[in-house]
Every structure is written in C-alpha cells, then in structure tokens.
Amino acid sequence: DVVTAAGGSVTIDGVTVVAAPLSPGSSTFGSTLCTTVMYANDSDDQVSYGIFDWEMQNPAGAIVNITFFGGDDAHLGSGELVPGGSIEG
C-alpha cells in the first residue's frame with residue numbers, strides 16, 4: 001500500500017495518481033467526503049485503474065472504502081489505461 005494525504009500525488013512504476021483535496025458532499029444516506037482522482041500513465045505498459053484502488057483512513061484510524069452514493073455523475077469507473085493515457089473521475 002502507498003499512503004498520501006488528500007490532495008497529494010504519488011508516482012509508482014511510471015504511473016502518477018493525483019487526488020484532489022476532499023470536499024463535502026451529500027447523499028441519500030447523509031454527509032460524504034468527495035474527491036477527484038487523476039491517473040497519468042507515463043510507463044511503457046498498459047495499466048489497470050479503478051474505483052476500488054482507493055481507501056480513506058480517518059483521523060481515528062478507521063479505513064473506509066468507496067461508496068456510490070454521491071450526487072456526481074463523474075465517477076472514475078474502472079478499465080485499462082494505455083501508455084501515455086490519462087483519466088480522471
């Protein structure tokens with residue numbers, strides 16, 4: 001696992017992933033925190049990406065997985081990213 005603060009970026013094996021700072025959101029089930037992530041594949045290989053690549057750890061140490069209850073249609077989804085490609089959501 002690789003850890004970075006919200007709003008940070010990491011590069012592993014030529015793939016850079018940037019997460020925007022967290023912003024408040026809401027859903028049918030209550031308050032949420034939202035972010036946009038961007039993958040840039042500067043490697044020579046095709047790489048997989050997906051929403052389940054992500055977890056968030058709160059200040060109390062609890063690790064929380066992604067949910068689909070936000071109101072934005074710009075979800076990342078999942079797929080393959082060719083060399084030189086990028087995607088965000």
# chains A, B, ... in the order shown; residues from 1 in each chain; ligands from 1
>>> residues_around(residues="stretch 55-57 of chain A", least_positions_apart="2", cutoff="12 Å", atoms="only C-alpha atoms", output="PDB file with N, CA and C atoms, in the first residue's frame")
ATOM      1  N   ASP A   1       0.829  -1.187   0.000  1.00  0.00           N
ATOM      2  CA  ASP A   1       0.000   0.000   0.000  1.00  0.00           C
ATOM      3  C   ASP A   1       0.868   1.244   0.000  1.00  0.00           C
ATOM      4  N   VAL A   2       0.388   2.281  -0.658  1.00  0.00           N
ATOM      5  CA  VAL A   2       1.059   3.571  -0.680  1.00  0.00           C
ATOM      6  C   VAL A   2       0.105   4.583  -0.068  1.00  0.00           C
ATOM      7  N   VAL A   3       0.632   5.434   0.790  1.00  0.00           N
ATOM      8  CA  VAL A   3      -0.196   6.394   1.510  1.00  0.00           C
ATOM      9  C   VAL A   3       0.216   7.806   1.136  1.00  0.00           C
ATOM     10  N   THR A   4      -0.764   8.661   0.936  1.00  0.00           N
ATOM     11  CA  THR A   4      -0.524  10.090   0.742  1.00  0.00           C
ATOM     12  C   THR A   4      -1.699  10.851   1.333  1.00  0.00           C
ATOM     13  N   ALA A   5      -1.468  12.083   1.660  1.00  0.00           N
ATOM     14  CA  ALA A   5      -2.540  12.927   2.193  1.00  0.00           C
ATOM     15  C   ALA A   5      -3.503  13.302   1.074  1.00  0.00           C
ATOM     16  N   ALA A   6      -4.751  13.561   1.441  1.00  0.00           N
ATOM     17  CA  ALA A   6      -5.720  14.063   0.469  1.00  0.00           C
ATOM     18  C   ALA A   6      -5.149  15.310  -0.179  1.00  0.00           C
ATOM     19  N   ALA A  19      -4.788  12.975  -6.256  1.00  0.00           N
ATOM     20  CA  ALA A  19      -6.107  13.079  -5.627  1.00  0.00           C
ATOM     21  C   ALA A  19      -6.334  14.531  -5.236  1.00  0.00           C
ATOM     22  N   LEU A  22     -10.154  16.830  -0.422  1.00  0.00           N
ATOM     23  CA  LEU A  22     -11.509  16.380  -0.113  1.00  0.00           C
ATOM     24  C   LEU A  22     -12.463  17.569  -0.040  1.00  0.00           C
ATOM     25  N   THR A  32     -21.065  13.129   3.066  1.00  0.00           N
ATOM     26  CA  THR A  32     -19.966  12.365   2.482  1.00  0.00           C
ATOM     27  C   THR A  32     -18.768  13.284   2.301  1.00  0.00           C
ATOM     28  N   LEU A  33     -17.646  12.703   1.988  1.00  0.00           N
ATOM     29  CA  LEU A  33     -16.477  13.440   1.523  1.00  0.00           C
ATOM     30  C   LEU A  33     -16.189  12.970   0.114  1.00  0.00           C
ATOM     31  N   CYS A  34     -15.872  13.913  -0.773  1.00  0.00           N
ATOM     32  CA  CYS A  34     -15.668  13.596  -2.183  1.00  0.00           C
ATOM     33  C   CYS A  34     -14.303  14.073  -2.640  1.00  0.00           C
ATOM     34  N   THR A  35     -13.784  13.413  -3.663  1.00  0.00           N
ATOM     35  CA  THR A  35     -12.541  13.835  -4.297  1.00  0.00           C
ATOM     36  C   THR A  35     -12.577  13.436  -5.760  1.00  0.00           C
ATOM     37  N   GLY A  50      -9.073   1.745 -11.228  1.00  0.00           N
ATOM     38  CA  GLY A  50     -10.436   1.501 -10.794  1.00  0.00           C
ATOM     39  C   GLY A  50     -10.765   2.149  -9.471  1.00  0.00           C
ATOM     40  N   ILE A  51     -12.046   2.256  -9.236  1.00  0.00           N
ATOM     41  CA  ILE A  51     -12.525   2.905  -8.020  1.00  0.00           C
ATOM     42  C   ILE A  51     -12.170   2.125  -6.768  1.00  0.00           C
ATOM     43  N   PHE A  52     -11.976   0.824  -6.902  1.00  0.00           N
ATOM     44  CA  PHE A  52     -11.660   0.026  -5.724  1.00  0.00           C
ATOM     45  C   PHE A  52     -10.170   0.027  -5.397  1.00  0.00           C
ATOM     46  N   ASP A  53      -9.387   0.848  -6.106  1.00  0.00           N
ATOM     47  CA  ASP A  53      -7.976   1.053  -5.765  1.00  0.00           C
ATOM     48  C   ASP A  53      -7.842   1.935  -4.529  1.00  0.00           C
ATOM     49  N   PRO A  59      -9.020  10.289  10.840  1.00  0.00           N
ATOM     50  CA  PRO A  59      -8.059  10.598  11.911  1.00  0.00           C
ATOM     51  C   PRO A  59      -8.059   9.598  13.068  1.00  0.00           C
ATOM     52  N   ALA A  60      -9.152   8.866  13.262  1.00  0.00           N
ATOM     53  CA  ALA A  60      -9.214   7.876  14.332  1.00  0.00           C
ATOM     54  C   ALA A  60      -8.589   6.545  13.925  1.00  0.00           C
ATOM     55  N   GLY A  61      -8.158   6.430  12.659  1.00  0.00           N
ATOM     56  CA  GLY A  61      -7.502   5.216  12.199  1.00  0.00           C
ATOM     57  C   GLY A  61      -8.405   4.210  11.520  1.00  0.00           C
ATOM     58  N   ALA A  62      -9.669   4.539  11.321  1.00  0.00           N
ATOM     59  CA  ALA A  62     -10.591   3.634  10.625  1.00  0.00           C
ATOM     60  C   ALA A  62     -10.407   3.792   9.117  1.00  0.00           C
ATOM     61  N   ILE A  63     -10.297   2.678   8.412  1.00  0.00           N
ATOM     62  CA  ILE A  63     -10.149   2.703   6.958  1.00  0.00           C
ATOM     63  C   ILE A  63     -11.520   2.496   6.341  1.00  0.00           C
ATOM     64  N   VAL A  64     -11.900   3.417   5.457  1.00  0.00           N
ATOM     65  CA  VAL A  64     -13.230   3.436   4.862  1.00  0.00           C
ATOM     66  C   VAL A  64     -13.101   3.217   3.361  1.00  0.00           C
ATOM     67  N   ASN A  65     -13.958   2.372   2.804  1.00  0.00           N
ATOM     68  CA  ASN A  65     -13.957   2.112   1.368  1.00  0.00           C
ATOM     69  C   ASN A  65     -14.883   3.075   0.639  1.00  0.00           C
ATOM     70  N   ILE A  66     -14.761   3.091  -0.672  1.00  0.00           N
ATOM     71  CA  ILE A  66     -15.561   3.971  -1.517  1.00  0.00           C
ATOM     72  C   ILE A  66     -17.029   3.574  -1.494  1.00  0.00           C
ATOM     73  N   THR A  67     -17.895   4.559  -1.708  1.00  0.00           N
ATOM     74  CA  THR A  67     -19.316   4.302  -1.882  1.00  0.00           C
ATOM     75  C   THR A  67     -19.777   4.950  -3.169  1.00  0.00           C
TER      76      THR A  67
END
>>> select_by_dssp(residues="chain A", states="strand (DSSP E or B)", output="ChimeraX atom specification")
/A:9-12,15-19,23-27,30-34,37-41,47-50,55-57,63-65,78-81,86-88
>>> residues_around(residues="stretch 81-88 of chain A", least_positions_apart="5", cutoff="10 Å", atoms="only C-alpha atoms", output="list in words")
Gly14, Val15, Thr16, Val17, Val18, Ala19, Thr36, Val37, Met38, Tyr39, Ala40, Asn41, Asp42, Ser43, Asp44, Asp45, Gln46, Val47, Ser48, Tyr49, Ala74, His75 and Leu76 of chain A
